[in-house]
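Visitor: Take a look at this one; I'll ask things after.
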Amino acid sequence: MHAMGDAALLVRWPDAIDPATNARVLALLAALDRQPIAGIVDLVPAYASLLVIFDPLRMTASALRRGMRARLVAFGQFPDSAISATTTVEIPMLYGGMAGPDLADVARELGITPAEVVRRHTMADYRVYFLGFIAGFPYMGSVDAALLVPRLATPRTRVPAGSVGLADAQTGIYPQASPGGWRIIGRTARRMFDPARDPPALLRPGDHVRFTASAPAAAPGEAAESLVPDHPDDARSYAAVAPEPPAGAIPWMRVLEAGPLTTVQDGGRVGWGRYGLSPSGAADGEALLLGDALLGNPPDTAALEMTMRGGVFTVDAPCVIALTGGWCDADVDGRVVQHGVPTPITGGARLTVGPLRTGARAYLHVAGGIAVAPVLGSRATDARAGLGGVAGRAVVVGDTLWRGRAPQLSTRVAHPRRLAVAWRRAVPADSVWLVRVLPCIAPGDVAADFTALTGTTFHVDPRSDRMGVRLRSPADAALMGGQILSAGVPRGAVQVPPDGNPIVLLAEHQTTGGYRVPAVVISPDQWQVAQMRPGDAVRFVRTTQRAAVLALRERRAAIAALADPLPPVAPDRLMRGFCEACDDGE
């Protein structure tokens, strides 16, 4: 076992893509399901490891280690008798043609016919080792030795849903359209991931899969989709549609202009890592909690996350709002909206949120929260999986957003000193982000990478997104990076690919990864990663587990203090400004 930051622990067996090793991983997963350890929030199995994500404010890392060791001893390292029964799932396939554009090339490279590729692919029994990459994507093995082919040199920008591919000794199925570099030999109509199903993934770790050829390989240019047979699981389209707003919700405001990426976010989806589903949620989770505290909303209430620029909205119903996160100019019918101040708005007003002056993401909160139907326990938008928020996508012009009913239209205001404590977040303008990290004792020579990581100044690459912030290394950087056997990765993990340019995983990160991880950004500093802008300079600073937990506890306590009851303030006084509405003493 070794730490993966201040909030995760990786239990690892010797690296191997081996059914016996994977069986032990899944047996430990089953044991933790039967006898949960309080404080664990998610479990992510892989080939030869189990990532245990926990809440460091509810339990210590040492207590978790003791609990994990007790599970391992109690079950005798999990013999085969401890493994839960698995099922065999049949996947009907159409091979070749438009459904399998790489089939002919694969056959040519291997020196066999396309029909022989299909025969060998369908005669094997595949084990589902784990789900990762995207929600419901199964990593299966082992492929017949005669079918071993490498990934594409240049990944496709879009692989259709249901595509089945080969990569080295693995085969996998794309649950939804996404970029990908596997060699696509066919397609199935079976839905691999359905949030309305329990469990949402068709396949689970430990299951077995048999592919069946439903029709002869299609000729190039043939309409392959029409030849894929229907299945009861395929009745509903995977494309997200806007659900009806929850009962009791109030039409809140209409979108007149939208920024480049504005999404509904809350605290994210917890507990679905074993199905390959990203937690998603607010990139700057601290800003989300701050807005909730200011308005008296429950923690993790849904808000609008606005990237680099806000938008223009017509407010249809009276409300109280607050802005947190990155700083930007905002006004209601020309009256300035101050950050961190609950602000009442009357129906019919026009709210304008301009470009961000500092930081990369601002949050627009409303008392009662944004009301959208929860998906798998969260209202967060996961655009890659097409889940949550407004039809699983970014907000666009013409959308109507709804809000929940607040107990009362709160107009209370936090005391300036309290707000100052909660807002102690240094957003550098021309200086360098200083981000604290913990080293990882992981496979591969990562000690040298950690030393190089903490001794180098990096710059944020414009290709950064909600999955991760990409950093550019200077030409003389000593980072080597490299690949490892895929394992679970937590938020904040600093992955270093072979090109030596680190990627710091953010809210929508994939649950598993195959790059070396020399360090993990500690929980109380992850908001900084969310606020980094292209071109910003970044330096990593080593810290300790104790310092990380103390800092997290301090930050949470400061935000929680804002939610303490305070005397209400009349709306007319509130609109005059923050300081005028508060006492001078405390």
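Chain lettering (A, B, ...) mirrors the order of the structure tokens, residue numbering begins at 1 for each chain separately, and ligand numbering begins at 1 in order of display.
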What's around Trp13 of chain A at 12 Å? Count only C-alpha atoms, leave out sequence neighbours fewer than 2 positions away in its own chain, and write the answer as a VMD selection string.
Guide: chain A and resid 1 to 2 10 to 11 15 to 18 20 to 26 28 45 to 51 77 442 to 443 485 487
Visitor: May I have all residues of segment 326-488 of chain A that DSSP, computed from the backbone, assigns to helix (DSSP H, G or I), given as a ChimeraX atom specification?
Guide: /A:416-422,446-453
Visitor: Those residues you just picked out, can you put them in a file as a PDB file, in the first residue's frame with N, CA and C atoms?
Guide:
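Result file result-v5.pdb:
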```
ATOM      1  N   PRO A 416     -17.504  41.060   7.337  1.00  0.00           N
ATOM      2  CA  PRO A 416     -16.318  41.215   6.491  1.00  0.00           C
ATOM      3  C   PRO A 416     -15.112  40.403   6.969  1.00  0.00           C
ATOM      4  N   ARG A 417     -14.933  40.339   8.300  1.00  0.00           N
ATOM      5  CA  ARG A 417     -13.767  39.607   8.779  1.00  0.00           C
ATOM      6  C   ARG A 417     -13.904  38.119   8.494  1.00  0.00           C
ATOM      7  N   ARG A 418     -15.118  37.610   8.662  1.00  0.00           N
ATOM      8  CA  ARG A 418     -15.334  36.195   8.349  1.00  0.00           C
ATOM      9  C   ARG A 418     -15.077  35.927   6.857  1.00  0.00           C
ATOM     10  N   LEU A 419     -15.613  36.812   6.031  1.00  0.00           N
ATOM     11  CA  LEU A 419     -15.429  36.634   4.598  1.00  0.00           C
ATOM     12  C   LEU A 419     -13.950  36.737   4.231  1.00  0.00           C
ATOM     13  N   ALA A 420     -13.235  37.640   4.887  1.00  0.00           N
ATOM     14  CA  ALA A 420     -11.819  37.797   4.588  1.00  0.00           C
ATOM     15  C   ALA A 420     -11.060  36.516   4.885  1.00  0.00           C
ATOM     16  N   VAL A 421     -11.416  35.836   5.977  1.00  0.00           N
ATOM     17  CA  VAL A 421     -10.754  34.570   6.311  1.00  0.00           C
ATOM     18  C   VAL A 421     -11.055  33.521   5.250  1.00  0.00           C
ATOM     19  N   ALA A 422     -12.333  33.437   4.850  1.00  0.00           N
ATOM     20  CA  ALA A 422     -12.723  32.430   3.869  1.00  0.00           C
ATOM     21  C   ALA A 422     -12.164  32.728   2.486  1.00  0.00           C
ATOM     22  N   VAL A 446      10.186   7.069  -9.926  1.00  0.00           N
ATOM     23  CA  VAL A 446       9.512   8.357  -9.814  1.00  0.00           C
ATOM     24  C   VAL A 446      10.226   9.299  -8.849  1.00  0.00           C
ATOM     25  N   ALA A 447      11.180   8.779  -8.064  1.00  0.00           N
ATOM     26  CA  ALA A 447      11.880   9.662  -7.121  1.00  0.00           C
ATOM     27  C   ALA A 447      12.592  10.786  -7.864  1.00  0.00           C
ATOM     28  N   ALA A 448      13.263  10.441  -8.955  1.00  0.00           N
ATOM     29  CA  ALA A 448      13.955  11.462  -9.742  1.00  0.00           C
ATOM     30  C   ALA A 448      12.951  12.422 -10.361  1.00  0.00           C
ATOM     31  N   ASP A 449      11.806  11.904 -10.789  1.00  0.00           N
ATOM     32  CA  ASP A 449      10.776  12.767 -11.364  1.00  0.00           C
ATOM     33  C   ASP A 449      10.217  13.729 -10.316  1.00  0.00           C
ATOM     34  N   PHE A 450      10.057  13.260  -9.068  1.00  0.00           N
ATOM     35  CA  PHE A 450       9.547  14.154  -8.029  1.00  0.00           C
ATOM     36  C   PHE A 450      10.538  15.283  -7.759  1.00  0.00           C
ATOM     37  N   THR A 451      11.818  14.963  -7.708  1.00  0.00           N
ATOM     38  CA  THR A 451      12.837  15.989  -7.502  1.00  0.00           C
ATOM     39  C   THR A 451      12.809  17.010  -8.628  1.00  0.00           C
ATOM     40  N   ALA A 452      12.693  16.519  -9.854  1.00  0.00           N
ATOM     41  CA  ALA A 452      12.630  17.426 -10.999  1.00  0.00           C
ATOM     42  C   ALA A 452      11.344  18.243 -10.978  1.00  0.00           C
ATOM     43  N   LEU A 453      10.247  17.604 -10.542  1.00  0.00           N
ATOM     44  CA  LEU A 453       8.952  18.276 -10.511  1.00  0.00           C
ATOM     45  C   LEU A 453       8.983  19.471  -9.563  1.00  0.00           C
TER      46      LEU A 453
END
```
Visitor: Counting only C-alpha atoms, what is within 9 Å of Asp525 of chain A, bar same-chain residues fewer than 6 positions away, as a PDB file with all heavy atoms, in the first residue's frame?
Guide:
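Dumped everything to out.pdb:
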```
ATOM      1  N   LEU A 434       2.013  28.660  -6.365  1.00  0.00           N
ATOM      2  CA  LEU A 434       2.781  27.730  -5.527  1.00  0.00           C
ATOM      3  C   LEU A 434       1.821  26.672  -5.024  1.00  0.00           C
ATOM      4  O   LEU A 434       0.934  26.952  -4.208  1.00  0.00           O
ATOM      5  CB  LEU A 434       3.444  28.472  -4.362  1.00  0.00           C
ATOM      6  CG  LEU A 434       4.475  29.534  -4.738  1.00  0.00           C
ATOM      7  CD1 LEU A 434       5.026  30.218  -3.495  1.00  0.00           C
ATOM      8  CD2 LEU A 434       5.617  28.915  -5.549  1.00  0.00           C
ATOM      9  N   VAL A 435       2.003  25.451  -5.518  1.00  0.00           N
ATOM     10  CA  VAL A 435       1.052  24.374  -5.260  1.00  0.00           C
ATOM     11  C   VAL A 435       1.747  23.284  -4.453  1.00  0.00           C
ATOM     12  O   VAL A 435       2.792  22.763  -4.867  1.00  0.00           O
ATOM     13  CB  VAL A 435       0.514  23.793  -6.582  1.00  0.00           C
ATOM     14  CG1 VAL A 435      -0.494  22.687  -6.309  1.00  0.00           C
ATOM     15  CG2 VAL A 435      -0.119  24.894  -7.420  1.00  0.00           C
ATOM     16  N   ARG A 436       1.158  22.934  -3.315  1.00  0.00           N
ATOM     17  CA  ARG A 436       1.761  21.923  -2.453  1.00  0.00           C
ATOM     18  C   ARG A 436       1.408  20.506  -2.927  1.00  0.00           C
ATOM     19  O   ARG A 436       0.253  20.246  -3.303  1.00  0.00           O
ATOM     20  CB  ARG A 436       1.310  22.129  -1.009  1.00  0.00           C
ATOM     21  CG  ARG A 436       1.868  23.391  -0.368  1.00  0.00           C
ATOM     22  CD  ARG A 436       1.215  23.687   0.965  1.00  0.00           C
ATOM     23  NE  ARG A 436      -0.172  24.094   0.794  1.00  0.00           N
ATOM     24  CZ  ARG A 436      -0.972  24.473   1.799  1.00  0.00           C
ATOM     25  NH1 ARG A 436      -0.500  24.475   3.046  1.00  0.00           N
ATOM     26  NH2 ARG A 436      -2.215  24.836   1.560  1.00  0.00           N
ATOM     27  N   VAL A 437       2.402  19.639  -2.887  1.00  0.00           N
ATOM     28  CA  VAL A 437       2.222  18.265  -3.346  1.00  0.00           C
ATOM     29  C   VAL A 437       2.816  17.297  -2.335  1.00  0.00           C
ATOM     30  O   VAL A 437       3.697  17.641  -1.540  1.00  0.00           O
ATOM     31  CB  VAL A 437       2.880  18.022  -4.723  1.00  0.00           C
ATOM     32  CG1 VAL A 437       2.184  18.811  -5.812  1.00  0.00           C
ATOM     33  CG2 VAL A 437       4.373  18.339  -4.683  1.00  0.00           C
ATOM     34  N   GLY A 492      -6.099  15.517  -8.616  1.00  0.00           N
ATOM     35  CA  GLY A 492      -4.860  16.139  -8.153  1.00  0.00           C
ATOM     36  C   GLY A 492      -3.622  15.369  -8.522  1.00  0.00           C
ATOM     37  O   GLY A 492      -2.505  15.882  -8.342  1.00  0.00           O
ATOM     38  N   ALA A 548      -1.126  18.907   5.177  1.00  0.00           N
ATOM     39  CA  ALA A 548      -2.233  18.915   4.221  1.00  0.00           C
ATOM     40  C   ALA A 548      -3.571  18.822   4.931  1.00  0.00           C
ATOM     41  O   ALA A 548      -4.517  19.565   4.617  1.00  0.00           O
ATOM     42  CB  ALA A 548      -2.073  17.753   3.238  1.00  0.00           C
ATOM     43  N   ALA A 551      -4.356  22.045   6.865  1.00  0.00           N
ATOM     44  CA  ALA A 551      -4.766  23.120   5.964  1.00  0.00           C
ATOM     45  C   ALA A 551      -6.193  22.912   5.473  1.00  0.00           C
ATOM     46  O   ALA A 551      -6.985  23.862   5.387  1.00  0.00           O
ATOM     47  CB  ALA A 551      -3.803  23.199   4.780  1.00  0.00           C
ATOM     48  N   LEU A 552      -6.541  21.668   5.162  1.00  0.00           N
ATOM     49  CA  LEU A 552      -7.898  21.377   4.701  1.00  0.00           C
ATOM     50  C   LEU A 552      -8.909  21.663   5.808  1.00  0.00           C
ATOM     51  O   LEU A 552      -9.964  22.267   5.561  1.00  0.00           O
ATOM     52  CB  LEU A 552      -7.999  19.919   4.258  1.00  0.00           C
ATOM     53  CG  LEU A 552      -9.366  19.458   3.747  1.00  0.00           C
ATOM     54  CD1 LEU A 552      -9.779  20.252   2.517  1.00  0.00           C
ATOM     55  CD2 LEU A 552      -9.354  17.957   3.447  1.00  0.00           C
TER      56      LEU A 552
END
```
Visitor: Check the smallest atom-to-atom distance from each of A:Met68, A:Leu364, A:Ala394, A:Ala385 to Leu290 of chain A using only C-alpha atoms, then report the winner.
Guide: A:Leu364
Visitor: Tell me which protein, DNA and RNA residues are within 7 Å of Val489 of chain A, counting only C-alpha atoms, leaving out same-chain ones fewer than 2 positions away, and put them as a tab-separated table (two decimals) with all heavy atoms, in the first residue's frame.
Guide:
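Here's the written file out09.tsv:
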```tsv
chain	number	residue	atom	x	y	z
A	487	ALA	N	-3.66	2.00	-13.49
A	487	ALA	CA	-4.13	1.93	-12.11
A	487	ALA	C	-5.05	3.11	-11.85
A	487	ALA	O	-5.07	4.08	-12.62
A	487	ALA	CB	-2.95	1.96	-11.14
A	491	ARG	N	-8.09	12.64	-8.07
A	491	ARG	CA	-8.02	14.04	-8.47
A	491	ARG	C	-6.76	14.66	-7.86
A	491	ARG	O	-6.38	14.35	-6.72
A	491	ARG	CB	-9.24	14.78	-7.95
A	491	ARG	CG	-9.22	16.26	-8.27
A	491	ARG	CD	-10.54	16.91	-7.94
A	491	ARG	NE	-10.46	18.35	-8.11
A	491	ARG	CZ	-11.50	19.14	-8.26
A	491	ARG	NH1	-12.71	18.63	-8.27
A	491	ARG	NH2	-11.37	20.44	-8.40
A	493	ALA	N	-3.77	14.15	-9.04
A	493	ALA	CA	-2.59	13.37	-9.44
A	493	ALA	C	-1.84	14.11	-10.55
A	493	ALA	O	-2.43	14.63	-11.49
A	493	ALA	CB	-3.01	11.99	-9.94
A	511	THR	N	-10.89	7.79	-14.47
A	511	THR	CA	-10.68	7.13	-13.18
A	511	THR	C	-9.40	6.32	-13.12
A	511	THR	O	-8.89	6.05	-12.02
A	511	THR	CB	-11.87	6.20	-12.87
A	511	THR	OG1	-12.03	5.26	-13.95
A	511	THR	CG2	-13.15	7.01	-12.72
A	512	THR	N	-8.88	5.89	-14.26
A	512	THR	CA	-7.64	5.12	-14.29
A	512	THR	C	-6.68	5.74	-15.29
A	512	THR	O	-7.09	6.43	-16.23
A	512	THR	CB	-7.90	3.65	-14.69
A	512	THR	OG1	-8.51	3.62	-15.99
A	512	THR	CG2	-8.80	2.96	-13.68
A	513	GLY	N	-5.39	5.51	-15.10
A	513	GLY	CA	-4.39	6.06	-16.00
A	513	GLY	C	-3.16	5.18	-16.06
A	513	GLY	O	-2.86	4.43	-15.13
```
Visitor: Which neighbours of Leu43 of chain A fall inside 10 Å, counting only C-alpha atoms, when residues of the same chain fewer than 5 positions from it are skipped, and could you give them as a list in words?
Guide: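 In the requested format, the answer is Ala8, Leu9, Leu10, Leu29, Leu32, Asp33, Leu50, Leu51, Val52, Ile53, Phe54, Val270, Gly271, Trp272, Gly273, Arg274, Tyr275, Gly488 and Thr511 of chain A.
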Visitor: List the neighbours of Pro474 of chain A out to 8 Å using only C-alpha atoms; skip same-chain residues closer than 6 positions along the sequence, and give me the result as a ChimeraX atom specification.
Guide: /A:456-458
Visitor: For C-alpha atoms, I'd like the residues from the last selection saved as a compact mmCIF listing (two decimals), in the first residue's frame.
Guide:
```
# COMPACT_ATOMS: atom_id res chain seq x y z
CA THR A 456 11.06 23.26 -12.16
CA THR A 457 8.83 26.18 -13.15
CA PHE A 458 6.09 25.09 -15.56
```
Visitor: Quick one, how far is atom CA of Val517 of chain A from atom CA of Ala61 of chain A?
Guide: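 Going from atom CA of Val517 of chain A over to atom CA of Ala61 of chain A, I get 19.0 Å.
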Visitor: Show me, as a list in words, the residues that have an atom within 7 Å of Pro246 of chain A when counting only C-alpha atoms, minus same-chain residues fewer than 2 positions from it.
Guide: Glu244, Gly248, Ala249, Ala371, Val372 and Ala373 of chain A
Visitor: Could you check the closest approach to Gln510 of chain A for each of A:Ser280, A:Thr314, A:Thr343, A:Thr543 and tell me which residue wins, using only C-alpha atoms?
Guide: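 Of A:Ser280, A:Thr314, A:Thr343, A:Thr543, the one nearest Gln510 of chain A is A:Ser280, counting only C-alpha atoms.
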Visitor: Do you have the atom CA of Cys319 of chain A-atom CA of Val341 of chain A distance handy?
Guide: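 Rounded to one decimal, the two atoms are 13.4 Å apart.
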Visitor: Here is a test: counting only C-alpha atoms, which residue of A:Ala383, A:Leu202, A:Val494, A:Val149 is nearest to Ala177 of chain A?
Guide: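 When distances to Ala177 of chain A are compared using only C-alpha atoms, the smallest one comes from A:Ala383.
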Visitor: Name the residues of segment 361-525 of chain A that come out as strand (DSSP E or B) in a backbone DSSP run; write them as an NGL selection string.
Guide: :A and (361-366 or 370 or 375 or 378 or 382 or 387 or 390 or 393 or 400-403 or 432-439 or 457-460 or 468-472 or 483-488 or 493-496 or 503-505 or 512-521)
Visitor: Which one is closest to Gly340 of chain A: A:Trp182, A:Trp402, A:Trp327, A:Tyr174? Count only C-alpha atoms.
Guide: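 Comparing A:Trp182, A:Trp402, A:Trp327, A:Tyr174 against Gly340 of chain A, the winner is A:Trp327.
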Visitor: I need the residue nearest Val529 of chain A from this list: A:Leu295, A:Ala283, A:Ile321, A:Leu304. Use only C-alpha atoms for the distance.
Guide: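 Of A:Leu295, A:Ala283, A:Ile321, A:Leu304, the one nearest Val529 of chain A is A:Ala283, counting only C-alpha atoms.
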Visitor: For atom CA of Tyr129 of chain A and atom CA of Pro205 of chain A, quote the distance in Å rounded to one decimal.
Guide: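 Calculated distance between atom CA of Tyr129 of chain A and atom CA of Pro205 of chain A is 5.3 Å.
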Visitor: Which residue gives the smallest distance to Pro342 of chain A among A:Arg119, A:His365, A:Arg393, A:Arg65, with only C-alpha atoms counted?
Guide: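 The shortest atom-to-atom distance to Pro342 of chain A comes from A:His365.
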